[in-house]
>>> print(open('protein_14.csv').read())   # CSV, C-alpha atoms
chain,number,residue,atom,x,y,z
A,1,MET,CA,0.0,0.0,0.0
A,2,SER,CA,2.8,2.4,0.7
A,3,ARG,CA,4.3,1.9,-2.7
A,4,MET,CA,1.1,2.7,-4.4
A,5,THR,CA,0.6,5.9,-2.4
A,6,ASP,CA,4.2,7.1,-3.1
A,7,ARG,CA,4.0,6.5,-6.8
A,8,PRO,CA,3.3,9.8,-8.7
A,9,LEU,CA,0.2,10.1,-10.7
A,10,PRO,CA,0.4,9.9,-14.5
A,11,GLY,CA,0.9,13.3,-16.1
A,12,ALA,CA,1.9,15.0,-12.8
A,13,GLY,CA,5.3,15.9,-14.1
A,14,VAL,CA,3.9,17.5,-17.2
A,15,ALA,CA,1.4,19.6,-15.1
A,16,GLU,CA,4.3,20.8,-12.9
A,17,ALA,CA,6.4,21.7,-15.8
A,18,ALA,CA,3.6,23.6,-17.5
A,19,SER,CA,2.3,25.5,-14.5
A,20,GLY,CA,5.2,25.5,-12.1
A,21,PRO,CA,5.2,24.4,-8.5
A,22,LEU,CA,1.9,24.5,-6.6
A,23,PRO,CA,1.5,27.1,-3.8
A,24,THR,CA,2.0,25.7,-0.4
A,25,ALA,CA,-1.0,27.5,1.2
A,26,VAL,CA,-4.2,29.1,-0.2
A,27,GLY,CA,-5.1,32.5,1.2
A,28,PRO,CA,-6.1,36.0,0.2
A,29,GLU,CA,-3.7,37.9,-2.0
A,30,PRO,CA,-1.8,40.7,-0.2
A,31,VAL,CA,-3.4,44.0,-0.6
A,32,LYS,CA,-1.2,46.4,-2.5
A,33,SER,CA,-1.2,49.9,-1.2
A,34,ALA,CA,-2.1,52.5,-3.8
A,35,PRO,CA,0.4,55.3,-4.3
A,36,SER,CA,-0.4,58.6,-2.6
A,37,GLY,CA,-2.9,60.7,-4.6
A,38,ALA,CA,-3.8,57.8,-6.8
A,39,GLY,CA,-7.6,58.0,-6.2
A,40,ARG,CA,-7.9,61.8,-6.2
A,41,GLY,CA,-7.5,62.5,-9.8
A,42,THR,CA,-8.4,59.1,-11.3
A,43,PRO,CA,-12.1,58.8,-12.2
A,44,ARG,CA,-13.9,55.8,-10.8
A,45,PRO,CA,-15.3,53.2,-13.2
A,46,GLY,CA,-18.8,54.1,-14.3
A,47,ARG,CA,-18.8,57.5,-12.6
A,48,GLY,CA,-17.2,59.8,-15.1
A,49,GLY,CA,-15.5,60.2,-18.4
A,50,PRO,CA,-11.8,60.4,-19.1
A,51,ALA,CA,-11.6,63.9,-17.6
A,52,GLY,CA,-13.2,62.9,-14.3
A,53,ARG,CA,-16.5,64.5,-15.0
A,54,ARG,CA,-19.6,62.7,-13.9
A,55,SER,CA,-22.3,62.1,-16.5
A,56,PRO,CA,-25.7,63.7,-16.0
A,57,LEU,CA,-27.3,60.3,-15.6
A,58,ALA,CA,-24.9,59.4,-12.8
A,59,ARG,CA,-25.3,62.9,-11.2
A,60,GLY,CA,-29.1,62.7,-11.3
A,61,GLY,CA,-29.4,66.2,-12.5
A,62,TRP,CA,-32.9,67.3,-13.1
A,63,THR,CA,-34.3,63.8,-13.6
A,64,PRO,CA,-35.7,63.4,-10.1
A,65,TRP,CA,-37.4,66.8,-10.3
A,66,LEU,CA,-39.0,66.0,-13.6
A,67,TYR,CA,-40.6,62.9,-11.9
A,68,LEU,CA,-41.7,65.1,-9.0
A,69,ALA,CA,-43.0,68.0,-11.1
A,70,PRO,CA,-46.6,66.7,-11.5
A,71,ALA,CA,-47.0,66.1,-7.8
A,72,LEU,CA,-45.4,69.5,-6.9
A,73,VAL,CA,-47.8,71.3,-9.3
A,74,VAL,CA,-50.8,69.6,-7.6
A,75,ILE,CA,-49.5,70.3,-4.1
A,76,GLY,CA,-48.8,73.9,-5.1
A,77,GLY,CA,-52.3,74.4,-6.4
A,78,LEU,CA,-54.1,72.6,-3.5
A,79,LEU,CA,-51.8,73.7,-0.6
A,80,VAL,CA,-49.6,76.6,-1.3
A,81,TYR,CA,-52.2,79.0,-2.7
A,82,PRO,CA,-54.8,78.4,0.1
A,83,VAL,CA,-52.1,78.8,2.7
A,84,TYR,CA,-51.1,82.1,1.1
A,85,GLN,CA,-54.7,83.3,1.1
A,86,LEU,CA,-55.1,82.2,4.7
A,87,GLY,CA,-52.0,84.2,5.8
A,88,LEU,CA,-53.0,87.2,3.7
A,89,ILE,CA,-56.5,87.4,5.2
A,90,SER,CA,-55.1,87.1,8.7
A,91,PHE,CA,-53.4,90.5,8.2
A,92,LEU,CA,-56.6,92.2,7.0
A,93,GLU,CA,-59.8,93.5,8.4
A,94,TYR,CA,-62.0,91.1,6.6
A,95,THR,CA,-65.6,90.8,7.9
A,96,GLN,CA,-69.0,90.5,6.2
A,97,ALA,CA,-68.9,94.1,5.2
A,98,GLN,CA,-65.7,93.6,3.2
A,99,VAL,CA,-67.0,90.4,1.7
A,100,SER,CA,-70.1,92.0,0.4
A,101,GLY,CA,-68.2,95.1,-0.8
A,102,GLY,CA,-69.9,97.5,1.5
A,103,GLU,CA,-66.6,98.7,3.1
A,104,PRO,CA,-63.0,98.6,1.7
A,105,THR,CA,-60.5,96.1,3.1
A,106,SER,CA,-57.9,97.6,5.3
A,107,PHE,CA,-54.5,96.3,6.4
A,108,GLN,CA,-54.3,95.5,10.1
A,109,GLY,CA,-50.8,94.0,10.4
A,110,PHE,CA,-50.6,91.9,13.5
A,111,GLY,CA,-53.8,93.3,14.9
A,112,ASN,CA,-55.8,90.1,14.5
A,113,TYR,CA,-53.1,88.2,16.3
A,114,ALA,CA,-52.9,90.7,19.1
A,115,ALA,CA,-56.6,90.5,19.6
A,116,LEU,CA,-56.4,86.7,19.5
A,117,PHE,CA,-53.7,86.5,22.1
A,118,ARG,CA,-55.5,88.9,24.4
A,119,ASP,CA,-58.6,86.7,24.3
A,120,GLU,CA,-58.7,84.5,27.4
A,121,GLN,CA,-61.0,82.1,25.6
A,122,PHE,CA,-58.4,81.4,23.0
A,123,TRP,CA,-55.9,80.2,25.7
A,124,GLN,CA,-58.6,78.1,27.4
A,125,VAL,CA,-59.5,76.5,24.0
A,126,LEU,CA,-55.8,75.9,23.2
A,127,LEU,CA,-55.2,74.2,26.5
A,128,ALA,CA,-58.3,72.1,26.1
A,129,THR,CA,-57.2,71.1,22.6
A,130,VAL,CA,-53.7,70.1,23.7
A,131,VAL,CA,-55.1,68.0,26.6
A,132,PHE,CA,-57.8,66.4,24.5
A,133,ALA,CA,-55.4,65.6,21.7
A,134,GLY,CA,-52.9,64.1,24.1
A,135,ALA,CA,-55.5,61.9,25.7
A,136,CYS,CA,-56.7,60.7,22.3
A,137,VAL,CA,-53.1,59.9,21.2
A,138,VAL,CA,-52.3,57.9,24.3
A,139,SER,CA,-55.6,56.0,24.2
A,140,THR,CA,-55.3,55.3,20.5
A,141,LEU,CA,-51.8,54.0,20.8
A,142,ALA,CA,-52.7,51.9,23.8
A,143,VAL,CA,-55.7,50.3,22.2
A,144,GLY,CA,-54.0,49.9,18.8
A,145,CYS,CA,-50.8,48.3,20.2
A,146,ALA,CA,-52.7,46.0,22.6
A,147,LEU,CA,-54.9,44.7,19.7
A,148,ALA,CA,-51.8,44.3,17.5
A,149,VAL,CA,-50.3,42.0,20.1
A,150,LEU,CA,-53.6,40.2,20.4
A,151,LEU,CA,-53.6,39.6,16.6
A,152,THR,CA,-50.4,37.6,17.0
A,153,ARG,CA,-51.9,35.4,19.7
A,154,VAL,CA,-55.2,34.4,18.2
A,155,ARG,CA,-56.0,31.9,15.4
A,156,ALA,CA,-56.8,32.7,11.8
A,157,VAL,CA,-60.6,33.1,12.0
A,158,PRO,CA,-60.7,35.4,15.0
A,159,ARG,CA,-57.8,37.4,13.5
A,160,LEU,CA,-59.7,37.8,10.3
A,161,ALA,CA,-62.9,38.9,12.1
A,162,LEU,CA,-61.0,41.4,14.2
A,163,MET,CA,-59.2,42.8,11.2
A,164,LEU,CA,-62.5,43.2,9.2
A,165,ALA,CA,-64.2,44.9,12.2
A,166,ALA,CA,-61.3,47.3,12.6
A,167,LEU,CA,-61.1,48.1,8.9
A,168,GLY,CA,-64.9,48.7,8.9
A,169,ALA,CA,-64.5,51.3,11.8
A,170,TRP,CA,-61.6,52.9,9.9
A,171,ALA,CA,-63.6,53.2,6.7
A,172,THR,CA,-66.6,54.7,8.4
A,173,PRO,CA,-67.0,58.5,7.6
A,174,ALA,CA,-66.6,60.7,10.6
A,175,VAL,CA,-70.1,62.2,10.4
A,176,THR,CA,-71.7,58.7,10.2
A,177,GLY,CA,-69.6,57.4,13.1
A,178,SER,CA,-70.4,60.4,15.3
A,179,THR,CA,-74.1,60.0,14.6
A,180,VAL,CA,-74.0,56.3,15.5
A,181,TRP,CA,-72.2,57.0,18.7
A,182,LEU,CA,-74.8,59.7,19.6
A,183,LEU,CA,-77.6,57.2,19.0
A,184,LEU,CA,-75.8,54.6,21.2
A,185,PHE,CA,-75.5,57.1,24.1
A,186,ASP,CA,-78.8,58.8,23.6
A,187,PRO,CA,-80.4,59.6,27.0
A,188,ASP,CA,-83.9,58.4,25.8
A,189,PHE,CA,-83.4,55.6,23.3
A,190,GLY,CA,-79.7,54.7,23.6
A,191,PRO,CA,-78.8,51.1,24.6
A,192,VAL,CA,-75.8,52.1,26.7
A,193,ASN,CA,-77.8,53.9,29.4
A,194,ARG,CA,-80.2,51.0,29.6
A,195,ILE,CA,-77.4,48.5,30.0
A,196,LEU,CA,-75.6,50.6,32.6
A,197,GLY,CA,-78.8,51.5,34.3
A,198,LEU,CA,-78.2,55.3,34.0
A,199,GLY,CA,-81.7,56.2,33.1
A,200,ASP,CA,-81.9,59.5,31.1
A,201,HIS,CA,-78.3,60.6,31.8
A,202,SER,CA,-77.1,63.0,29.1
A,203,TRP,CA,-73.5,62.4,28.1
A,204,THR,CA,-73.2,65.6,26.1
A,205,TYR,CA,-74.5,67.9,28.9
A,206,GLY,CA,-71.4,67.9,31.1
A,207,ARG,CA,-68.1,69.1,29.8
A,208,TYR,CA,-65.9,66.2,30.8
A,209,SER,CA,-68.5,63.5,29.9
A,210,ALA,CA,-68.9,65.1,26.4
A,211,PHE,CA,-65.1,65.1,25.9
A,212,ALA,CA,-65.0,61.5,27.0
A,213,LEU,CA,-67.7,60.5,24.6
A,214,VAL,CA,-65.9,62.3,21.7
A,215,LEU,CA,-62.6,60.7,22.8
A,216,LEU,CA,-64.2,57.2,22.6
A,217,GLU,CA,-65.4,57.9,19.0
A,218,VAL,CA,-62.0,59.3,18.0
A,219,VAL,CA,-60.2,56.3,19.4
A,220,TRP,CA,-62.7,53.9,17.7
A,221,CYS,CA,-62.1,55.4,14.2
A,222,SER,CA,-58.3,55.9,14.7
A,223,PHE,CA,-57.0,52.7,16.4
A,224,PRO,CA,-57.2,50.5,13.2
A,225,PHE,CA,-54.3,52.5,11.6
A,226,VAL,CA,-52.1,51.9,14.7
A,227,MET,CA,-53.2,48.3,15.0
A,228,VAL,CA,-52.5,47.4,11.4
A,229,THR,CA,-49.1,49.2,11.3
A,230,VAL,CA,-47.8,47.8,14.6
A,231,TYR,CA,-49.1,44.3,13.7
A,232,ALA,CA,-47.1,44.5,10.4
A,233,GLY,CA,-44.0,45.5,12.4
A,234,ILE,CA,-44.4,42.7,15.0
A,235,ARG,CA,-44.7,40.1,12.2
A,236,ALA,CA,-41.4,41.3,10.9
A,237,VAL,CA,-39.6,40.6,14.2
A,238,PRO,CA,-37.9,37.2,14.2
A,239,SER,CA,-39.8,34.6,16.1
A,240,GLU,CA,-36.6,33.3,17.7
A,241,VAL,CA,-36.3,36.6,19.6
A,242,LEU,CA,-39.8,36.3,21.1
A,243,GLU,CA,-39.3,32.6,21.9
A,244,ALA,CA,-36.0,33.3,23.6
A,245,ALA,CA,-37.7,36.0,25.8
A,246,SER,CA,-40.5,33.6,26.7
A,247,LEU,CA,-38.1,30.8,27.6
A,248,ASP,CA,-36.3,33.3,29.9
A,249,GLY,CA,-39.5,33.7,31.8
A,250,ALA,CA,-40.4,37.2,30.6
A,251,SER,CA,-44.1,38.2,30.8
A,252,GLN,CA,-46.1,39.6,27.9
A,253,TRP,CA,-45.7,43.2,29.3
A,254,ARG,CA,-42.0,42.7,29.8
A,255,ILE,CA,-41.6,41.3,26.2
A,256,TRP,CA,-43.4,44.3,24.8
A,257,ARG,CA,-41.5,46.8,26.9
A,258,SER,CA,-38.0,45.3,26.6
A,259,VAL,CA,-38.1,43.6,23.2
A,260,LEU,CA,-40.8,44.7,20.9
A,261,ALA,CA,-41.0,48.4,21.7
A,262,PRO,CA,-37.3,49.1,21.1
A,263,MET,CA,-37.4,47.1,17.9
A,264,LEU,CA,-40.6,48.9,16.7
A,265,ARG,CA,-39.4,52.3,17.7
A,266,PRO,CA,-39.4,53.7,14.1
A,267,ILE,CA,-42.9,52.5,13.5
A,268,LEU,CA,-44.1,53.9,16.9
A,269,VAL,CA,-42.6,57.3,16.1
A,270,VAL,CA,-44.5,57.4,12.8
A,271,VAL,CA,-47.9,56.4,14.3
A,272,THR,CA,-47.4,58.7,17.3
A,273,ILE,CA,-46.7,61.8,15.3
A,274,GLN,CA,-49.4,61.2,12.8
A,275,SER,CA,-51.9,60.6,15.6
A,276,VAL,CA,-50.9,63.9,17.1
A,277,ILE,CA,-51.5,65.7,13.9
A,278,TRP,CA,-54.8,64.0,13.3
A,279,ASP,CA,-56.2,64.4,16.8
A,280,PHE,CA,-55.1,68.0,17.1
A,281,LYS,CA,-57.2,68.8,14.0
A,282,VAL,CA,-60.4,67.1,15.2
A,283,PHE,CA,-63.4,69.0,14.0
A,284,THR,CA,-66.2,66.7,12.8
A,285,GLN,CA,-66.6,64.7,15.9
A,286,ILE,CA,-66.6,67.7,18.2
A,287,TYR,CA,-69.0,69.7,16.0
A,288,VAL,CA,-71.5,66.9,15.4
A,289,MET,CA,-71.5,65.3,18.9
A,290,THR,CA,-71.5,68.5,21.0
A,291,ASN,CA,-73.7,70.5,18.6
A,292,GLY,CA,-71.1,73.0,17.6
A,293,GLY,CA,-68.9,73.1,20.8
A,294,GLY,CA,-71.1,72.3,23.7
A,295,ILE,CA,-73.1,74.4,26.1
A,296,ALA,CA,-71.6,77.9,26.2
A,297,GLY,CA,-68.6,76.7,24.2
A,298,GLN,CA,-67.4,74.3,27.0
A,299,ASN,CA,-66.2,71.7,24.4
A,300,LEU,CA,-64.5,73.9,21.9
A,301,THR,CA,-61.3,72.9,20.2
A,302,LEU,CA,-59.2,75.2,18.0
A,303,ASN,CA,-60.7,73.9,14.7
A,304,VAL,CA,-64.3,74.5,16.0
A,305,TYR,CA,-63.2,77.8,17.6
A,306,ALA,CA,-61.8,79.1,14.3
A,307,TYR,CA,-65.0,78.0,12.5
A,308,GLN,CA,-67.2,79.9,14.9
A,309,LYS,CA,-65.1,83.0,14.7
A,310,ALA,CA,-64.9,83.0,10.9
A,311,PHE,CA,-68.3,81.8,9.8
A,312,ALA,CA,-70.6,82.2,12.8
A,313,SER,CA,-69.3,85.7,13.8
A,314,SER,CA,-68.1,86.7,10.3
A,315,GLN,CA,-64.7,87.6,11.6
A,316,TYR,CA,-62.8,86.1,8.8
A,317,GLY,CA,-59.5,87.8,9.6
A,318,LEU,CA,-59.6,86.5,13.2
A,319,GLY,CA,-60.5,83.0,12.1
A,320,SER,CA,-57.7,83.0,9.6
A,321,ALA,CA,-55.3,84.1,12.4
A,322,ILE,CA,-56.4,81.0,14.4
A,323,GLY,CA,-55.8,78.9,11.3
A,324,VAL,CA,-52.3,80.3,10.9
A,325,VAL,CA,-51.5,79.6,14.6
A,326,MET,CA,-52.7,76.0,14.2
A,327,LEU,CA,-50.6,75.7,11.0
A,328,LEU,CA,-47.5,76.8,12.8
A,329,ILE,CA,-48.1,74.4,15.7
A,330,LEU,CA,-48.6,71.5,13.3
A,331,LEU,CA,-45.6,72.5,11.3
A,332,ALA,CA,-43.5,72.4,14.4
A,333,VAL,CA,-44.8,68.9,15.2
A,334,THR,CA,-44.1,67.9,11.6
A,335,LEU,CA,-40.5,69.1,11.7
A,336,VAL,CA,-40.0,67.2,14.9
A,337,TYR,CA,-41.4,64.1,13.2
A,338,LEU,CA,-39.0,64.5,10.2
A,339,ARG,CA,-36.1,65.0,12.6
A,340,LEU,CA,-36.9,61.9,14.5
A,341,LEU,CA,-37.3,59.9,11.2
A,342,ARG,CA,-33.9,61.2,10.1
A,343,ARG,CA,-32.3,60.1,13.3
A,344,GLN,CA,-33.9,56.7,13.0
A,345,GLY,CA,-32.7,56.4,9.5
A,346,GLU,CA,-29.1,57.1,10.5
A,347,GLU,CA,-29.3,54.5,13.3
A,348,LEU,CA,-30.7,51.9,11.0
>>> encode(input="protein_14.csv", output="structure tokens")
Amino acid sequence: MSRMTDRPLPGAGVAEAASGPLPTAVGPEPVKSAPSGAGRGTPRPGRGGPAGRRSPLARGGWTPWLYLAPALVVIGGLLVYPVYQLGLISFLEYTQAQVSGGEPTSFQGFGNYAALFRDEQFWQVLLATVVFAGACVVSTLAVGCALAVLLTRVRAVPRLALMLAALGAWATPAVTGSTVWLLLFDPDFGPVNRILGLGDHSWTYGRYSAFALVLLEVVWCSFPFVMVTVYAGIRAVPSEVLEAASLDGASQWRIWRSVLAPMLRPILVVVTIQSVIWDFKVFTQIYVMTNGGGIAGQNLTLNVYAYQKAFASSQYGLGSAIGVVMLLILLAVTLVYLRLLRRQGEEL
């Protein structure tokens, strides 16, 4: 056996003569250092011509703007011009007399804003709007995230039923949903008072009960967006991570707080900021369910307050000033949203 293993294979000498001795070890070739200044003046392959200039296709040039041009034209027509008119009217004395042409329009400067900031009702309405929007955002996120986790724990048929019910609530128009909730909580014919044994209790008479009723309706029509978005994020989390947390003895709340929430932070940032914007601009639910802002304006929010000043009182300049203040607040929230998204993108 030893003689057979020591005998060279046929043709081995010819191969060595043709190709030389075989290398003793296989490994990566040594990296040759480029001479100093070699990459500064030499164009990279596919990024420029012989003179080092990048082609318009590689640079991008105006190509992205050409694709965005139709959308920018539509946005300019539907957003920029109305915002310009809103800001212009906020600096004018613009009432029903000016609208009908009975009196000339006069420039007021910041007079409408000064009158607005001197109004105590404005600050009360602003505080109520901030508190109400914050409560709606927290409740919507809590319900949406809890149901998203529930969707991952139930079987296919209950999951489908819950998804269809949530999407039905999401697709219901705000006016229709508000009317249905008023019928449910009606003091004379509503089933809620009968089930709870409250008799003819009026939910829209008191300030806080009316806000609570509107909050329930807002959460009902807003949680499906949070639920679907967070559920999609949970499904993207590797199952091995959740199984490892369960094997370590972590409870469902601990898994959410220590595992899922940090991994879903970009998604939670998106749904939180969008919920803030949506709930800060609530108009239909307040107007329909409290009959225009409640008794003596106790359930006013900024949107309804601006509507009353502009159309009920014919103070279009003052109503426009309220709209500009709301726009600036929401613009600040949007900038924070974009900044957070940029930070999340850098971390990812």
>>> residues_around(input="protein_14.csv", residues="Ser90 in chain A", least_positions_apart="4", cutoff="7 Å", atoms="all atoms listed in the file", output="list in words")
Leu86, Asn112, Gly317, Leu318, Ser320 and Ala321 of chain A
>>> atom_distance(input="protein_14.csv", atom1="CA of Ala135 in chain A", atom2="CA of Leu340 in chain A")
21.7 Å
>>> residues_around(input="protein_14.csv", residues="Val336 in chain A", least_positions_apart="2", cutoff="12 Å", atoms="all atoms listed in the file", output="PyMOL selection string")
chain A and resi 269-270+272-274+276-277+329-334+338-343
>>> residues_around(input="protein_14.csv", residues="range 257-263 of chain A", least_positions_apart="6", cutoff="12 Å", atoms="only C-alpha atoms", output="ChimeraX atom specification")
/A:145-146,148-149,230-231,233-246,250-251,269,344,347-348
>>> residues_around(input="protein_14.csv", residues="Val99 in chain A", least_positions_apart="6", cutoff="10 Å", atoms="all atoms listed in the file", output="ChimeraX atom specification")
/A:105,314,316
>>> write_last_selection(input="protein_14.csv", atoms="C-alpha atoms", output="PDB file, in the coordinates of the input")
ATOM      1  CA  THR A 105     -60.500  96.100   3.100  1.00  0.00           C
ATOM      2  CA  SER A 314     -68.100  86.700  10.300  1.00  0.00           C
ATOM      3  CA  TYR A 316     -62.800  86.100   8.800  1.00  0.00           C
TER       4      TYR A 316
END
>>> build_atoms(input="protein_14.csv", residues="range 305-326 of chain A", atoms="N, CA, C and O atoms", output="mmCIF file, in the coordinates of the input")
data_model
loop_
_atom_site.group_PDB
_atom_site.id
_atom_site.type_symbol
_atom_site.label_atom_id
_atom_site.label_comp_id
_atom_site.auth_asym_id
_atom_site.auth_seq_id
_atom_site.Cartn_x
_atom_site.Cartn_y
_atom_site.Cartn_z
ATOM 1 N N TYR A 305 -63.349 76.394 17.172
ATOM 2 C CA TYR A 305 -63.200 77.800 17.600
ATOM 3 C C TYR A 305 -62.974 78.706 16.368
ATOM 4 O O TYR A 305 -63.579 79.772 16.226
ATOM 5 N N ALA A 306 -62.090 78.278 15.493
ATOM 6 C CA ALA A 306 -61.800 79.100 14.300
ATOM 7 C C ALA A 306 -63.050 79.104 13.380
ATOM 8 O O ALA A 306 -63.344 80.139 12.763
ATOM 9 N N TYR A 307 -63.772 78.004 13.288
ATOM 10 C CA TYR A 307 -65.000 78.000 12.500
ATOM 11 C C TYR A 307 -66.029 78.958 13.017
ATOM 12 O O TYR A 307 -66.682 79.678 12.245
ATOM 13 N N GLN A 308 -66.190 78.980 14.339
ATOM 14 C CA GLN A 308 -67.200 79.900 14.900
ATOM 15 C C GLN A 308 -66.776 81.351 14.698
ATOM 16 O O GLN A 308 -67.631 82.188 14.368
ATOM 17 N N LYS A 309 -65.502 81.662 14.864
ATOM 18 C CA LYS A 309 -65.100 83.000 14.700
ATOM 19 C C LYS A 309 -65.192 83.468 13.203
ATOM 20 O O LYS A 309 -65.582 84.609 12.911
ATOM 21 N N ALA A 310 -64.871 82.579 12.291
ATOM 22 C CA ALA A 310 -64.900 83.000 10.900
ATOM 23 C C ALA A 310 -66.241 82.986 10.272
ATOM 24 O O ALA A 310 -66.592 83.950 9.563
ATOM 25 N N PHE A 311 -67.058 81.973 10.534
ATOM 26 C CA PHE A 311 -68.300 81.800 9.800
ATOM 27 C C PHE A 311 -69.536 82.204 10.674
ATOM 28 O O PHE A 311 -70.497 82.776 10.152
ATOM 29 N N ALA A 312 -69.504 81.874 11.976
ATOM 30 C CA ALA A 312 -70.600 82.200 12.800
ATOM 31 C C ALA A 312 -70.606 83.711 13.185
ATOM 32 O O ALA A 312 -71.658 84.361 13.244
ATOM 33 N N SER A 313 -69.401 84.275 13.418
ATOM 34 C CA SER A 313 -69.300 85.700 13.800
ATOM 35 C C SER A 313 -68.841 86.565 12.622
ATOM 36 O O SER A 313 -68.712 87.779 12.806
ATOM 37 N N SER A 314 -68.578 85.987 11.461
ATOM 38 C CA SER A 314 -68.100 86.700 10.300
ATOM 39 C C SER A 314 -66.845 87.492 10.481
ATOM 40 O O SER A 314 -66.590 88.495 9.814
ATOM 41 N N GLN A 315 -65.998 87.034 11.399
ATOM 42 C CA GLN A 315 -64.700 87.600 11.600
ATOM 43 C C GLN A 315 -63.650 86.766 10.897
ATOM 44 O O GLN A 315 -62.902 86.015 11.508
ATOM 45 N N TYR A 316 -63.608 86.935 9.589
ATOM 46 C CA TYR A 316 -62.800 86.100 8.800
ATOM 47 C C TYR A 316 -61.287 86.288 9.031
ATOM 48 O O TYR A 316 -60.488 85.348 8.957
ATOM 49 N N GLY A 317 -60.917 87.516 9.316
ATOM 50 C CA GLY A 317 -59.500 87.800 9.600
ATOM 51 C C GLY A 317 -59.072 87.115 10.898
ATOM 52 O O GLY A 317 -57.975 86.528 10.962
ATOM 53 N N LEU A 318 -59.926 87.154 11.931
ATOM 54 C CA LEU A 318 -59.600 86.500 13.200
ATOM 55 C C LEU A 318 -59.574 84.993 13.054
ATOM 56 O O LEU A 318 -58.698 84.308 13.596
ATOM 57 N N GLY A 319 -60.545 84.458 12.311
ATOM 58 C CA GLY A 319 -60.500 83.000 12.100
ATOM 59 C C GLY A 319 -59.328 82.562 11.293
ATOM 60 O O GLY A 319 -58.772 81.485 11.555
ATOM 61 N N SER A 320 -58.882 83.378 10.343
ATOM 62 C CA SER A 320 -57.700 83.000 9.600
ATOM 63 C C SER A 320 -56.446 83.076 10.487
ATOM 64 O O SER A 320 -55.525 82.257 10.318
ATOM 65 N N ALA A 321 -56.402 84.008 11.422
ATOM 66 C CA ALA A 321 -55.300 84.100 12.400
ATOM 67 C C ALA A 321 -55.219 82.794 13.210
ATOM 68 O O ALA A 321 -54.134 82.247 13.469
ATOM 69 N N ILE A 322 -56.381 82.292 13.637
ATOM 70 C CA ILE A 322 -56.400 81.000 14.400
ATOM 71 C C ILE A 322 -55.893 79.890 13.509
ATOM 72 O O ILE A 322 -55.139 79.021 13.958
ATOM 73 N N GLY A 323 -56.289 79.896 12.237
ATOM 74 C CA GLY A 323 -55.800 78.900 11.300
ATOM 75 C C GLY A 323 -54.291 78.917 11.136
ATOM 76 O O GLY A 323 -53.635 77.874 11.053
ATOM 77 N N VAL A 324 -53.729 80.128 11.073
ATOM 78 C CA VAL A 324 -52.300 80.300 10.900
ATOM 79 C C VAL A 324 -51.565 79.745 12.175
ATOM 80 O O VAL A 324 -50.525 79.076 12.084
ATOM 81 N N VAL A 325 -52.114 80.043 13.350
ATOM 82 C CA VAL A 325 -51.500 79.600 14.600
ATOM 83 C C VAL A 325 -51.525 78.021 14.615
ATOM 84 O O VAL A 325 -50.529 77.377 14.977
ATOM 85 N N MET A 326 -52.640 77.433 14.227
ATOM 86 C CA MET A 326 -52.700 76.000 14.200
ATOM 87 C C MET A 326 -51.706 75.417 13.151
ATOM 88 O O MET A 326 -51.063 74.393 13.395
#
